[in-house]
$ cat run_29.pdb   # PDB, C-alpha atoms
MODEL        1
ATOM      1  CA  MET A1428       0.000   0.000   0.000
ATOM      2  CA  ASP A1429       1.371   3.413  -0.912
ATOM      3  CA  PRO A1430       1.559   5.498   2.290
ATOM      4  CA  VAL A1431       1.798   8.765   0.328
ATOM      5  CA  GLY A1432      -1.539   8.376  -1.461
ATOM      6  CA  GLN A1433      -3.386   6.865   1.466
ATOM      7  CA  ASP A1434      -5.913   8.904   3.445
ATOM      8  CA  ILE A1435      -4.738   8.716   7.080
ATOM      9  CA  ASN A1436      -7.466  10.905   8.559
ATOM     10  CA  LEU A1437      -9.158   8.599  11.077
ATOM     11  CA  ASN A1438     -12.524  10.379  10.611
ATOM     12  CA  SER A1439     -12.444  10.035   6.833
ATOM     13  CA  PRO A1440     -14.838   7.564   5.176
ATOM     14  CA  ASN A1441     -11.930   6.688   2.856
ATOM     15  CA  LYS A1442      -9.486   5.798   5.659
ATOM     16  CA  GLY A1443      -7.154   3.009   4.703
ATOM     17  CA  LEU A1444      -8.026   3.296   1.037
ATOM     18  CA  GLY A1445      -5.391   3.906  -1.576
ATOM     19  CA  PRO A1446      -5.463   6.670  -4.221
ATOM     20  CA  ALA A1447      -7.853   4.718  -6.435
ATOM     21  CA  GLY A1448     -10.258   4.202  -3.521
ATOM     22  CA  GLY A1449      -9.684   0.457  -3.582
ATOM     23  CA  VAL A1450      -8.369  -1.894  -0.932
ATOM     24  CA  ASP A1451      -4.718  -2.882  -0.704
ATOM     25  CA  SER A1452      -3.123  -6.234  -1.414
ATOM     26  CA  LEU A1453      -4.839  -7.830   1.578
ATOM     27  CA  THR A1454      -7.908  -8.735  -0.464
ATOM     28  CA  GLU A1455      -6.006  -9.416  -3.654
ATOM     29  CA  GLY A1456      -3.708 -12.134  -2.300
ATOM     30  CA  GLY A1457      -4.182 -11.899   1.423
ATOM     31  CA  ALA A1458      -7.294 -12.741   3.436
ATOM     32  CA  MET A1459      -9.655 -13.366   0.512
ATOM     33  CA  GLY A1460      -7.057 -15.486  -1.251
ATOM     34  CA  VAL A1461      -6.847 -17.658   1.857
ATOM     35  CA  ALA A1462     -10.621 -18.211   1.783
ATOM     36  CA  ALA A1463     -10.418 -19.642  -1.707
ATOM     37  CA  VAL A1464      -7.632 -22.062  -0.724
ATOM     38  CA  ASN A1465      -8.807 -23.204   2.714
ATOM     39  CA  THR A1466     -11.976 -25.050   3.453
ATOM     40  CA  LEU A1467     -14.516 -23.366   5.681
ATOM     41  CA  PRO A1468     -14.334 -23.999   9.416
ATOM     42  CA  PRO A1469     -17.142 -26.218  10.711
ATOM     43  CA  GLY A1470     -20.388 -24.374  11.397
ATOM     44  CA  LEU A1471     -19.489 -21.368   9.230
ATOM     45  CA  THR A1472     -21.326 -20.559   6.012
ATOM     46  CA  GLU A1473     -19.599 -19.119   2.983
ATOM     47  CA  GLU A1474     -21.357 -15.769   3.504
ATOM     48  CA  GLU A1475     -20.236 -15.611   7.161
ATOM     49  CA  ALA A1476     -16.670 -16.455   6.148
ATOM     50  CA  GLU A1477     -16.686 -13.723   3.478
ATOM     51  CA  GLU A1478     -18.030 -11.226   6.016
ATOM     52  CA  LEU A1479     -15.334 -12.224   8.539
ATOM     53  CA  TYR A1480     -12.625 -11.905   5.870
ATOM     54  CA  SER A1481     -14.009  -8.496   4.930
ATOM     55  CA  ASP A1482     -13.943  -7.413   8.571
ATOM     56  CA  LEU A1483     -10.396  -8.767   8.894
ATOM     57  CA  ALA A1484      -9.306  -6.760   5.860
ATOM     58  CA  LYS A1485     -10.851  -3.571   7.301
ATOM     59  CA  VAL A1486      -9.220  -4.124  10.708
ATOM     60  CA  GLU A1487      -5.828  -4.748   9.106
ATOM     61  CA  GLU A1488      -6.256  -1.591   7.012
ATOM     62  CA  GLU A1489      -7.043   0.379  10.169
ATOM     63  CA  ILE A1490      -3.983  -1.101  11.885
ATOM     64  CA  ASN A1491      -1.791   0.012   8.973
ATOM     65  CA  THR A1492      -3.407   3.452   9.073
ATOM     66  CA  LEU A1493      -2.793   3.739  12.809
ATOM     67  CA  ARG A1494       0.850   2.698  12.316
ATOM     68  CA  GLN A1495       1.286   5.460   9.761
ATOM     69  CA  VAL A1496      -0.420   8.016  12.005
ATOM     70  CA  LEU A1497       1.782   6.951  14.926
ATOM     71  CA  LEU A1498       4.906   7.218  12.780
ATOM     72  CA  ALA A1499       3.874  10.722  11.667
ATOM     73  CA  LYS A1500       3.196  11.737  15.289
ATOM     74  CA  GLU A1501       6.580  10.352  16.422
ATOM     75  CA  LYS A1502       8.352  12.323  13.679
ATOM     76  CA  HIS A1503       6.453  15.468  14.651
ATOM     77  CA  SER A1504       7.337  14.910  18.324
ATOM     78  CA  ALA A1505      11.023  14.461  17.440
ATOM     79  CA  ASP A1506      10.957  17.683  15.388
ATOM     80  CA  LEU A1507       9.364  19.614  18.258
ATOM     81  CA  LYS A1508      11.910  18.259  20.747
ATOM     82  CA  ARG A1509      14.750  19.172  18.392
ATOM     83  CA  LYS A1510      13.382  22.717  17.978
ATOM     84  CA  LEU A1511      13.037  23.059  21.759
ATOM     85  CA  GLY A1512      16.598  21.836  22.261
ATOM     86  CA  LEU A1513      15.485  18.802  24.209
ATOM     87  CA  SER A1514      17.992  16.005  23.940
ATOM     88  CA  PRO A1515      17.690  12.458  25.243
ATOM     89  CA  LEU A1516      20.209  13.402  27.963
ATOM     90  CA  ASN A1517      18.060  16.339  29.096
ATOM     91  CA  GLU A1518      14.995  14.093  29.169
ATOM     92  CA  LEU A1519      16.912  11.538  31.233
ATOM     93  CA  LYS A1520      17.962  14.243  33.698
ATOM     94  CA  GLN A1521      14.370  15.440  33.995
ATOM     95  CA  ASN A1522      13.111  11.880  34.487
ATOM     96  CA  LEU A1523      15.733  11.215  37.171
ATOM     97  CA  ALA A1524      14.901  14.461  38.978
ATOM     98  CA  LYS A1525      11.187  13.657  38.870
ATOM     99  CA  GLY A1526      11.870  10.092  40.012
ATOM    100  CA  TRP A1527      13.972  11.304  42.962
ATOM    101  CA  GLN A1528      11.239  13.778  43.886
ATOM    102  CA  ASP A1529       8.689  10.958  43.742
ATOM    103  CA  VAL A1530      10.910   8.809  45.975
ATOM    104  CA  GLN A1531      11.296  11.617  48.519
ATOM    105  CA  THR A1532       7.551  12.082  48.745
ATOM    106  CA  SER A1533       6.752   8.367  48.899
ATOM    107  CA  ASN A1534       5.359   6.856  52.095
ATOM    108  CA  ALA A1535       8.208   4.344  52.342
ATOM    109  CA  TYR A1536      10.867   7.080  52.173
ATOM    110  CA  LEU A1537       9.071   9.298  54.654
ATOM    111  CA  THR A1538       8.595   6.384  57.067
ATOM    112  CA  ALA A1539      12.255   5.352  56.781
ATOM    113  CA  SER A1540      13.367   8.951  57.248
ATOM    114  CA  GLU A1541      11.258   9.295  60.401
ATOM    115  CA  THR A1542      12.647   6.001  61.719
ATOM    116  CA  LEU A1543      16.234   7.114  61.106
ATOM    117  CA  ASP A1544      15.538  10.455  62.768
ATOM    118  CA  GLY A1545      14.131   8.581  65.746
ATOM    119  CA  ILE A1546      17.223   6.392  65.940
ATOM    120  CA  ALA A1547      19.507   9.441  65.742
ATOM    121  CA  GLN A1548      17.632  10.992  68.675
ATOM    122  CA  SER A1549      17.733   7.848  70.834
ATOM    123  CA  GLU A1550      19.932   7.566  73.913
ATOM    124  CA  ALA A1551      21.567   4.350  72.681
ATOM    125  CA  TYR A1552      22.658   6.076  69.459
ATOM    126  CA  LYS A1553      23.986   9.101  71.356
ATOM    127  CA  LYS A1554      25.956   6.930  73.789
ATOM    128  CA  THR A1555      27.372   4.783  70.974
ATOM    129  CA  SER A1556      28.324   7.895  69.013
ATOM    130  CA  GLU A1557      30.049   9.425  72.046
ATOM    131  CA  THR A1558      31.893   6.173  72.810
ATOM    132  CA  LEU A1559      33.124   5.882  69.235
ATOM    133  CA  SER A1560      34.179   9.522  69.229
ATOM    134  CA  VAL A1561      36.205   9.068  72.446
ATOM    135  CA  ALA A1562      37.726   5.846  71.088
ATOM    136  CA  GLY A1563      38.720   7.663  67.896
ATOM    137  CA  GLN A1564      40.334  10.478  69.857
ATOM    138  CA  LYS A1565      42.274   8.022  72.014
ATOM    139  CA  THR A1566      43.395   6.041  68.977
ATOM    140  CA  THR A1567      44.555   9.245  67.276
ATOM    141  CA  ALA A1568      46.499  10.258  70.387
ATOM    142  CA  ALA A1569      48.089   6.790  70.638
ATOM    143  CA  PHE A1570      49.194   6.849  66.997
ATOM    144  CA  SER A1571      50.543  10.358  67.420
ATOM    145  CA  THR A1572      52.542   9.309  70.503
ATOM    146  CA  MET A1573      53.774   6.182  68.725
ATOM    147  CA  GLY A1574      54.865   8.302  65.734
ATOM    148  CA  THR A1575      56.749  10.691  67.992
ATOM    149  CA  VAL A1576      58.494   7.812  69.798
ATOM    150  CA  LEU A1577      59.419   6.103  66.512
ATOM    151  CA  SER A1578      60.726   9.359  65.102
ATOM    152  CA  ARG A1579      62.862   9.949  68.210
ATOM    153  CA  LYS A1580      64.182   6.348  68.151
ATOM    154  CA  LEU A1581      65.086   6.616  64.475
ATOM    155  CA  GLY A1582      66.887   9.907  65.193
ATOM    156  CA  ASP A1583      68.782   8.260  68.064
ATOM    157  CA  MET A1584      69.628   5.293  65.883
ATOM    158  CA  ARG A1585      70.892   7.571  63.105
ATOM    159  CA  ASN A1586      73.226   9.269  65.524
ATOM    160  CA  SER A1587      74.545   5.962  66.866
ATOM    161  CA  PRO A1588      78.149   4.881  66.023
ATOM    162  CA  THR A1589      76.861   1.672  64.355
ATOM    163  CA  PHE A1590      74.659   3.559  61.909
ATOM    164  CA  LYS A1591      77.387   6.106  61.136
ATOM    165  CA  SER A1592      79.809   3.251  60.396
ATOM    166  CA  PHE A1593      77.185   1.618  58.138
ATOM    167  CA  GLU A1594      76.523   4.963  56.421
ATOM    168  CA  ASP A1595      80.246   5.437  55.739
ATOM    169  CA  LYS A1596      80.545   1.943  54.227
ATOM    170  CA  VAL A1597      77.528   2.499  51.949
ATOM    171  CA  GLY A1598      78.926   5.887  50.896
ATOM    172  CA  ASN A1599      82.277   4.279  50.059
ATOM    173  CA  ILE A1600      80.592   1.587  47.949
ATOM    174  CA  LYS A1601      78.729   4.221  45.916
ATOM    175  CA  LEU A1602      81.903   6.200  45.235
ATOM    176  CA  GLY A1603      83.975   3.147  44.391
TER     177      GLY A1603
ENDMDL
END

$ encode --input "run_29.pdb" --output "structure tokens"
Amino acid sequence: MDPVGQDINLNSPNKGLGPAGGVDSLTEGGAMGVAAVNTLPPGLTEEEAEELYSDLAKVEEEINTLRQVLLAKEKHSADLKRKLGLSPLNELKQNLAKGWQDVQTSNAYLTASETLDGIAQSEAYKKTSETLSVAGQKTTAAFSTMGTVLSRKLGDMRNSPTFKSFEDKVGNIKLG
């Protein structure tokens, strides 16, 4: 069927009809051709079968028309988006922002947020937080003291006669 000559106005009495006003290849070799080859199903007269095939042809024509209308609408939508400067990336950003907003206003999020706020205000949380803070401070002080002691010991070791002798031997090897 030629999409250019076809009337795609859904309210038109000629919808789905080609430029000559006839039906497309469906009746020429499609549904009606099948009726001539196949035997009739049991309990169906020849007139009923012809009517069903006619209805099938009309429905398939309408489906093709709707596909063409949808394709035209999708092209028009793409043109409008292009003119507005909307890119797929911008649409994704907007969808993510809207999704995050929807999450933040959802009952599950609000309930979880209230629960976490309640936990943060509880005495057990405050005591645990304080204990961990004190432990962190003590650990920091211990590492600082250990660093100072190690630094002092290394300085003492560097000034020792053994290290100076070792340093002289290494210096002599490099020069030699």

$ axis_aligned_box --input "run_29.pdb" --around "stretch 1566-1573 of chain A" --padding-each-side "4 Å" --output "JSON"
{"center_x": 48.6, "center_y": 8.2, "center_z": 68.8, "size_x": 18.4, "size_y": 12.3, "size_z": 11.6}

$ atom_distance --input "run_29.pdb" --atom1 "atom CA of A:Ser1571" --atom2 "atom CA of A:Pro1588"
28.2 Å

$ atom_distance --input "run_29.pdb" --atom1 "atom CA of A:Gln1528" --atom2 "atom CA of A:Thr1542"
19.5 Å

$ atom_distance --input "run_29.pdb" --atom1 "atom CA of A:Val1576" --atom2 "atom CA of A:Lys1591"
20.9 Å

$ decode --input "run_29.pdb" --residues "stretch 1482-1514 of chain A" --atoms "C-alpha atoms" --output "PDB file, in the first residue's frame"
ATOM      1  CA  ASP A1482     -13.943  -7.413   8.571  1.00  0.00           C
ATOM      2  CA  LEU A1483     -10.396  -8.767   8.894  1.00  0.00           C
ATOM      3  CA  ALA A1484      -9.306  -6.760   5.860  1.00  0.00           C
ATOM      4  CA  LYS A1485     -10.851  -3.571   7.301  1.00  0.00           C
ATOM      5  CA  VAL A1486      -9.220  -4.124  10.708  1.00  0.00           C
ATOM      6  CA  GLU A1487      -5.828  -4.748   9.106  1.00  0.00           C
ATOM      7  CA  GLU A1488      -6.256  -1.591   7.012  1.00  0.00           C
ATOM      8  CA  GLU A1489      -7.043   0.379  10.169  1.00  0.00           C
ATOM      9  CA  ILE A1490      -3.983  -1.101  11.885  1.00  0.00           C
ATOM     10  CA  ASN A1491      -1.791   0.012   8.973  1.00  0.00           C
ATOM     11  CA  THR A1492      -3.407   3.452   9.073  1.00  0.00           C
ATOM     12  CA  LEU A1493      -2.793   3.739  12.809  1.00  0.00           C
ATOM     13  CA  ARG A1494       0.850   2.698  12.316  1.00  0.00           C
ATOM     14  CA  GLN A1495       1.286   5.460   9.761  1.00  0.00           C
ATOM     15  CA  VAL A1496      -0.420   8.016  12.005  1.00  0.00           C
ATOM     16  CA  LEU A1497       1.782   6.951  14.926  1.00  0.00           C
ATOM     17  CA  LEU A1498       4.906   7.218  12.780  1.00  0.00           C
ATOM     18  CA  ALA A1499       3.874  10.722  11.667  1.00  0.00           C
ATOM     19  CA  LYS A1500       3.196  11.737  15.289  1.00  0.00           C
ATOM     20  CA  GLU A1501       6.580  10.352  16.422  1.00  0.00           C
ATOM     21  CA  LYS A1502       8.352  12.323  13.679  1.00  0.00           C
ATOM     22  CA  HIS A1503       6.453  15.468  14.651  1.00  0.00           C
ATOM     23  CA  SER A1504       7.337  14.910  18.324  1.00  0.00           C
ATOM     24  CA  ALA A1505      11.023  14.461  17.440  1.00  0.00           C
ATOM     25  CA  ASP A1506      10.957  17.683  15.388  1.00  0.00           C
ATOM     26  CA  LEU A1507       9.364  19.614  18.258  1.00  0.00           C
ATOM     27  CA  LYS A1508      11.910  18.259  20.747  1.00  0.00           C
ATOM     28  CA  ARG A1509      14.750  19.172  18.392  1.00  0.00           C
ATOM     29  CA  LYS A1510      13.382  22.717  17.978  1.00  0.00           C
ATOM     30  CA  LEU A1511      13.037  23.059  21.759  1.00  0.00           C
ATOM     31  CA  GLY A1512      16.598  21.836  22.261  1.00  0.00           C
ATOM     32  CA  LEU A1513      15.485  18.802  24.209  1.00  0.00           C
ATOM     33  CA  SER A1514      17.992  16.005  23.940  1.00  0.00           C
TER      34      SER A1514
END
